[in-house]
Structure formats: structure tokens, C-alpha cells
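Structure file my_file-v7.txt (compact mmCIF, C-alpha atoms) follows.
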# COMPACT_ATOMS: atom_id res chain seq x y z
CA MET C 17 -212.12 54.42 -67.16
CA TYR C 18 -211.03 52.50 -70.24
CA VAL C 19 -207.46 51.23 -70.37
CA ILE C 20 -205.20 49.46 -72.81
CA LEU C 21 -202.31 47.75 -71.07
CA VAL C 22 -199.29 46.40 -72.89
CA TYR C 23 -196.51 44.66 -71.01
CA ASP C 24 -193.08 43.33 -71.77
CA PHE C 25 -191.82 41.24 -68.87
CA GLY C 26 -188.85 38.98 -68.38
CA GLU C 27 -189.48 35.27 -68.84
CA LYS C 28 -189.46 34.55 -65.11
CA ARG C 29 -192.18 37.08 -64.34
CA VAL C 30 -194.30 37.01 -67.47
CA GLY C 31 -196.63 34.26 -66.25
CA LYS C 32 -197.36 36.13 -63.05
CA MET C 33 -198.12 39.31 -64.99
CA LEU C 34 -200.41 37.49 -67.38
CA LYS C 35 -202.34 35.93 -64.51
CA LEU C 36 -202.67 39.26 -62.74
CA CYS C 37 -203.87 41.10 -65.84
CA ARG C 38 -206.51 38.46 -66.52
CA LYS C 39 -207.96 39.14 -63.08
CA TYR C 40 -208.58 42.78 -63.91
CA LEU C 41 -208.76 43.18 -67.68
CA ASN C 42 -209.64 41.41 -70.91
CA TRP C 43 -206.92 39.77 -72.93
CA ILE C 44 -206.90 40.78 -76.57
CA GLN C 45 -203.54 39.76 -77.99
CA ASN C 46 -200.29 38.35 -76.66
CA SER C 47 -199.31 40.77 -73.93
CA VAL C 48 -202.11 43.25 -74.61
CA PHE C 49 -205.12 43.72 -72.39
CA GLU C 50 -207.96 46.20 -72.39
CA GLY C 51 -211.01 46.95 -70.34
CA GLU C 52 -213.11 49.18 -68.20
CA ILE C 53 -211.57 49.53 -64.76
CA SER C 54 -211.99 51.94 -61.88
CA GLU C 55 -209.12 54.08 -60.57
CA VAL C 56 -209.28 52.10 -57.31
CA LYS C 57 -209.08 48.72 -59.02
CA LEU C 58 -206.26 49.90 -61.27
CA LYS C 59 -204.34 51.14 -58.25
CA GLU C 60 -204.91 47.81 -56.54
CA MET C 61 -203.62 45.99 -59.59
CA MET C 62 -200.54 48.19 -59.88
CA GLN C 63 -199.75 47.64 -56.21
CA GLN C 64 -199.68 43.92 -56.92
CA VAL C 65 -197.49 44.48 -59.97
CA ASN C 66 -195.05 46.41 -57.80
CA ARG C 67 -194.43 43.30 -55.71
CA PHE C 68 -192.77 41.42 -58.53
CA ILE C 69 -191.88 43.83 -61.34
CA ASP C 70 -188.18 44.26 -62.10
CA LYS C 71 -188.10 47.92 -63.07
CA ASP C 72 -184.77 47.53 -64.86
CA GLU C 73 -186.05 44.75 -67.07
CA ASP C 74 -189.81 44.89 -67.28
CA SER C 75 -192.05 47.46 -68.85
CA ILE C 76 -195.74 48.34 -68.81
CA ILE C 77 -197.44 50.90 -70.98
CA LEU C 78 -200.85 52.02 -69.85
CA PHE C 79 -203.11 54.04 -72.13
CA LYS C 80 -205.98 55.51 -70.20
CA SER C 81 -209.09 57.14 -71.52
CA ILE C 82 -212.11 58.50 -69.69
CA SER C 83 -214.26 56.36 -71.91
CA GLN C 84 -213.92 53.78 -74.65
CA VAL C 85 -216.07 56.13 -76.74
CA TYR C 86 -212.93 58.04 -77.74
CA MET C 87 -211.22 54.94 -79.08
CA ASP C 88 -212.20 53.06 -82.15
CA LYS C 89 -210.85 49.52 -82.25
CA GLU C 90 -210.21 47.67 -85.47
CA ILE C 91 -208.91 44.15 -85.82
CA VAL C 92 -207.17 42.97 -88.97
CA GLY C 93 -206.40 39.32 -89.56
CA LYS C 94 -206.92 36.61 -87.01
CA GLU C 95 -209.19 37.67 -84.22
CA ARG C 96 -208.27 36.24 -80.86
CA CYS C 97 -210.43 36.09 -77.83
CA SER C 98 -209.95 35.17 -74.23
CA THR C 99 -211.24 31.67 -74.87
CA ASP C 100 -208.26 30.94 -77.13
CA VAL C 101 -205.90 28.34 -75.84
CA PHE C 102 -202.60 30.00 -75.02
CA LEU C 103 -199.73 29.76 -72.60
CA MET R 19 -205.51 60.91 -86.02
CA TYR R 20 -203.70 59.19 -83.17
CA VAL R 21 -203.28 55.43 -83.38
CA ILE R 22 -201.92 52.65 -81.26
CA LEU R 23 -201.03 49.60 -83.31
CA VAL R 24 -200.28 46.21 -81.82
CA TYR R 25 -199.35 43.29 -84.00
CA ASP R 26 -198.78 39.59 -83.60
CA PHE R 27 -197.23 38.14 -86.71
CA GLY R 28 -195.74 34.78 -87.58
CA GLU R 29 -191.96 34.52 -87.39
CA LYS R 30 -191.50 34.66 -91.15
CA ARG R 31 -193.39 37.93 -91.53
CA VAL R 32 -192.64 39.72 -88.28
CA GLY R 33 -189.51 41.48 -89.58
CA LYS R 34 -191.38 42.85 -92.56
CA MET R 35 -194.16 44.14 -90.33
CA LEU R 36 -191.71 45.78 -87.95
CA LYS R 37 -189.95 47.54 -90.79
CA LEU R 38 -193.22 48.75 -92.27
CA CYS R 39 -194.54 50.07 -88.96
CA ARG R 40 -191.34 51.99 -88.32
CA LYS R 41 -191.89 53.83 -91.57
CA TYR R 42 -195.24 55.19 -90.43
CA LEU R 43 -195.34 55.13 -86.64
CA ASN R 44 -193.22 55.35 -83.51
CA TRP R 45 -192.11 52.17 -81.84
CA ILE R 46 -192.83 52.06 -78.14
CA GLN R 47 -192.52 48.45 -77.02
CA ASN R 48 -191.99 45.07 -78.66
CA SER R 49 -194.76 44.89 -81.24
CA VAL R 50 -196.46 48.11 -80.16
CA PHE R 51 -196.39 51.33 -82.14
CA GLU R 52 -198.13 54.65 -81.76
CA GLY R 53 -198.32 57.93 -83.53
CA GLU R 54 -200.15 60.65 -85.36
CA ILE R 55 -201.06 59.52 -88.83
CA SER R 56 -203.50 60.69 -91.47
CA GLU R 57 -206.31 58.47 -92.79
CA VAL R 58 -204.56 58.47 -96.17
CA LYS R 59 -201.22 57.38 -94.77
CA LEU R 60 -202.85 54.70 -92.62
CA LYS R 61 -204.69 53.36 -95.64
CA GLU R 62 -201.43 53.33 -97.59
CA MET R 63 -199.75 51.42 -94.77
CA MET R 64 -202.58 48.88 -94.52
CA GLN R 65 -202.46 48.30 -98.27
CA GLN R 66 -198.83 47.35 -97.88
CA VAL R 67 -199.66 45.08 -94.94
CA ASN R 68 -202.23 43.32 -97.09
CA ARG R 69 -199.50 42.22 -99.47
CA PHE R 70 -197.86 39.93 -96.92
CA ILE R 71 -200.23 39.38 -93.98
CA ASP R 72 -201.42 35.83 -93.44
CA LYS R 73 -204.93 36.48 -92.17
CA ASP R 74 -205.22 33.01 -90.64
CA GLU R 75 -202.08 33.45 -88.59
CA ASP R 76 -201.33 37.13 -88.12
CA SER R 77 -203.22 39.74 -86.21
CA ILE R 78 -203.24 43.52 -85.93
CA ILE R 79 -205.18 45.57 -83.45
CA LEU R 80 -205.58 49.23 -84.27
CA PHE R 81 -206.87 51.67 -81.70
CA LYS R 82 -207.78 54.96 -83.30
CA SER R 83 -208.58 58.23 -81.65
CA ILE R 84 -209.32 61.61 -83.16
CA SER R 85 -206.60 63.05 -80.99
CA GLN R 86 -204.00 61.91 -78.51
CA VAL R 87 -205.65 64.36 -76.09
CA TYR R 88 -208.15 61.66 -75.16
CA MET R 89 -205.45 59.18 -74.21
CA ASP R 90 -203.21 59.48 -71.22
CA LYS R 91 -200.06 57.38 -71.50
CA GLU R 92 -198.21 56.07 -68.49
CA ILE R 93 -195.05 54.00 -68.51
CA VAL R 94 -194.11 51.80 -65.59
CA GLY R 95 -190.69 50.17 -65.35
CA LYS R 96 -188.12 50.28 -68.08
CA GLU R 97 -188.79 52.97 -70.64
CA ARG R 98 -187.84 52.05 -74.18
CA CYS R 99 -187.41 54.32 -77.08
CA SER R 100 -186.81 53.88 -80.75
CA THR R 101 -183.09 54.31 -80.29
CA ASP R 102 -182.92 51.09 -78.27
CA VAL R 103 -181.04 48.29 -79.88
CA PHE R 104 -183.41 45.45 -80.59
CA LEU R 105 -184.08 42.56 -82.93
Could you quickly redo this structure as C-alpha cells?
Amino acid sequence: MYVILVYDFGEKRVGKMLKLCRKYLNWIQNSVFEGEISEVKLKEMMQQVNRFIDKDEDSIILFKSISQVYMDKEIVGKERCSTDVFL
Amino acid sequence: MYVILVYDFGEKRVGKMLKLCRKYLNWIQNSVFEGEISEVKLKEMMQQVNRFIDKDEDSIILFKSISQVYMDKEIVGKERCSTDVFL
């Protein structure tokens, strides 16, 4: 399964979320990750998220597709990659 | 065509980008928009972006799909909508 994950977390939890996402997905921009992941792995990840997410403050949007084939990705401007130095 | 647009713009241009995106797409989280848009309209939008984007600093990721049917969207935590007060 191919997923795009976008999060918006409070300052106190954002570092934890970033670290967790990097374990399972590929970072593409700020708080945006993408990647191929199995249902099981995604469930595992979300269980970990549930330990620290503040559901009144934080937000995750998950776009799921059976395959990346259905999504065409286009980057305009500066291309970032996971080797970029950031936070 | 269904698109997900994520942007990361420098402080000086971010307001302009936000305003432009709201004209064409639906805001779903921070710098994330989605929506049905025609090729023509998307091209029109990107032409306007090109007038102010700093390609060394700013970045846009566009995920395009023939139809939203291929993408399943799931929201975890706080759900935002375009009526939220922000920025």
C-alpha cells in the first residue's frame, strides 16, 4: 500500500512524530511523508502514535492508495530529500 | 483530476501562496490542499505560482490522480476545515 502522511502536531510532540514517521516512511517535505507500507506496519505505527497524540490539538491526514501507480508526483521548486539537514 | 498539493514557502511568499491555493483547491491542513481540478485550471494556477515562487527556496509537491476514487483519506486527531480560523 502506498501512503502519503501529513501531520500537524503541537510543538511538544512534533519531534516524536517526526522520529516515528522516519522509521516507517520517507520524508519528502516538512511534515509530509510518503512510502510503501503494509497494513500491519501502518497499524503498528498508528498504535505508537496513539501513545502520545493529543487528539484535541494534533492532526494526521493519511492518504492511502493500493499502489503508487495511481498517483503521479510532481515537484516544483526546491527538491528536498531525506539527506537534507533539518530539525 | 484529483490533486493533493503540499507547499513549503519562505515567510515572505507563504501568504500569497495560501491565498492562491484557496482560490483553486480546498484547504485541509496547514500547507496542504486537495481537490478536483481540471488540467487547464491547474496550469493556470501554476502559471500564477511561477510569478512569485523562489525556486531556490520554495517547494511544491503535487500528487495527481485521475480520480479521488483511488485515494482513501483518513483523518486522525483534530479535524480541520476551511472554516477554521487560521493565519
Sort by chain and increasing residue number a table of all residues of chain R within 10 Å of chain C, each with its closest pair of atoms and their distance in Å to one decimal, counting only C-alpha atoms, and write it as CSV.
residue,atom,partner,partner_atom,distance
R:Tyr20,CA,C:Met87,CA,9.6
R:Val21,CA,C:Met87,CA,9.0
R:Ile22,CA,C:Phe79,CA,9.3
R:Leu23,CA,C:Glu90,CA,9.6
R:Val24,CA,C:Val48,CA,8.0
R:Tyr25,CA,C:Gln45,CA,8.1
R:Asp26,CA,C:Asn46,CA,7.2
R:Phe27,CA,C:Gly93,CA,9.7
R:Ile46,CA,C:Ile77,CA,8.6
R:Gln47,CA,C:Asp24,CA,7.4
R:Asn48,CA,C:Asp24,CA,7.2
R:Ser49,CA,C:Ser47,CA,9.5
R:Val50,CA,C:Val22,CA,8.0
R:Met64,CA,C:Val92,CA,9.3
R:Val67,CA,C:Val92,CA,9.8
R:Asn68,CA,C:Gly93,CA,9.5
R:Ile71,CA,C:Gly93,CA,7.6
R:Asp72,CA,C:Gly93,CA,7.2
R:Lys73,CA,C:Gly93,CA,4.1
R:Asp74,CA,C:Lys94,CA,5.4
R:Glu75,CA,C:Lys94,CA,6.0
R:Asp76,CA,C:Gly93,CA,5.7
R:Ser77,CA,C:Gly93,CA,4.6
R:Ile78,CA,C:Val92,CA,5.0
R:Ile79,CA,C:Ile91,CA,4.6
R:Leu80,CA,C:Glu90,CA,5.0
R:Phe81,CA,C:Lys89,CA,4.6
R:Lys82,CA,C:Asp88,CA,4.9
R:Ser83,CA,C:Met87,CA,4.9
R:Ile84,CA,C:Tyr86,CA,7.4
R:Ser85,CA,C:Tyr86,CA,8.7
R:Gln86,CA,C:Tyr86,CA,9.8
R:Val87,CA,C:Ser81,CA,9.2
R:Tyr88,CA,C:Ser81,CA,5.9
R:Met89,CA,C:Ser81,CA,5.0
R:Asp90,CA,C:Lys80,CA,4.9
R:Lys91,CA,C:Phe79,CA,4.6
R:Glu92,CA,C:Leu78,CA,5.0
R:Ile93,CA,C:Ile77,CA,4.6
R:Val94,CA,C:Ile76,CA,5.0
R:Gly95,CA,C:Lys71,CA,4.1
R:Lys96,CA,C:Ser75,CA,4.9
R:Glu97,CA,C:Ser75,CA,6.6
R:Arg98,CA,C:Ser75,CA,8.2
Name all residues at most 10 Å from C:Leu58 (count all atoms listed in the file; drop same-chain ones fewer than 4 positions away) and give them as a short mmCIF file (atom, residue, chain, number, x, y, z; two decimals) with C-alpha atoms, in the frame of the given file.
data_model
loop_
_atom_site.label_atom_id
_atom_site.label_comp_id
_atom_site.auth_asym_id
_atom_site.auth_seq_id
_atom_site.Cartn_x
_atom_site.Cartn_y
_atom_site.Cartn_z
CA MET C 17 -212.12 54.42 -67.16
CA VAL C 19 -207.46 51.23 -70.37
CA TYR C 40 -208.58 42.78 -63.91
CA LEU C 41 -208.76 43.18 -67.68
CA GLU C 52 -213.11 49.18 -68.20
CA ILE C 53 -211.57 49.53 -64.76
CA SER C 54 -211.99 51.94 -61.88
CA MET C 62 -200.54 48.19 -59.88
CA GLN C 63 -199.75 47.64 -56.21
CA GLN C 64 -199.68 43.92 -56.92
#
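As for atom CA of C:Lys57 and atom CA of C:Met33, they are spaced 15.6 Å apart.
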Q.
So the first atom is atom CA of R:Glu52 and the second is atom CA of R:Lys34; what is the distance between them in Å, to one decimal place?
A. 17.4 Å
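Relative to atom CA of C:Glu60, atom CA of C:Lys28 is found at 22.1 Å.
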Hey, can I get the axis-aligned box for stretch 66-85 of chain R? All listed atoms, 4 Å padding on each side, centre and edge lengths in Å to one decimal, as lines of an AutoDock Vina configuration file.
center_x = -203.6
center_y = 48.0
center_z = -90.2
size_x = 19.5
size_y = 38.0
size_z = 26.5
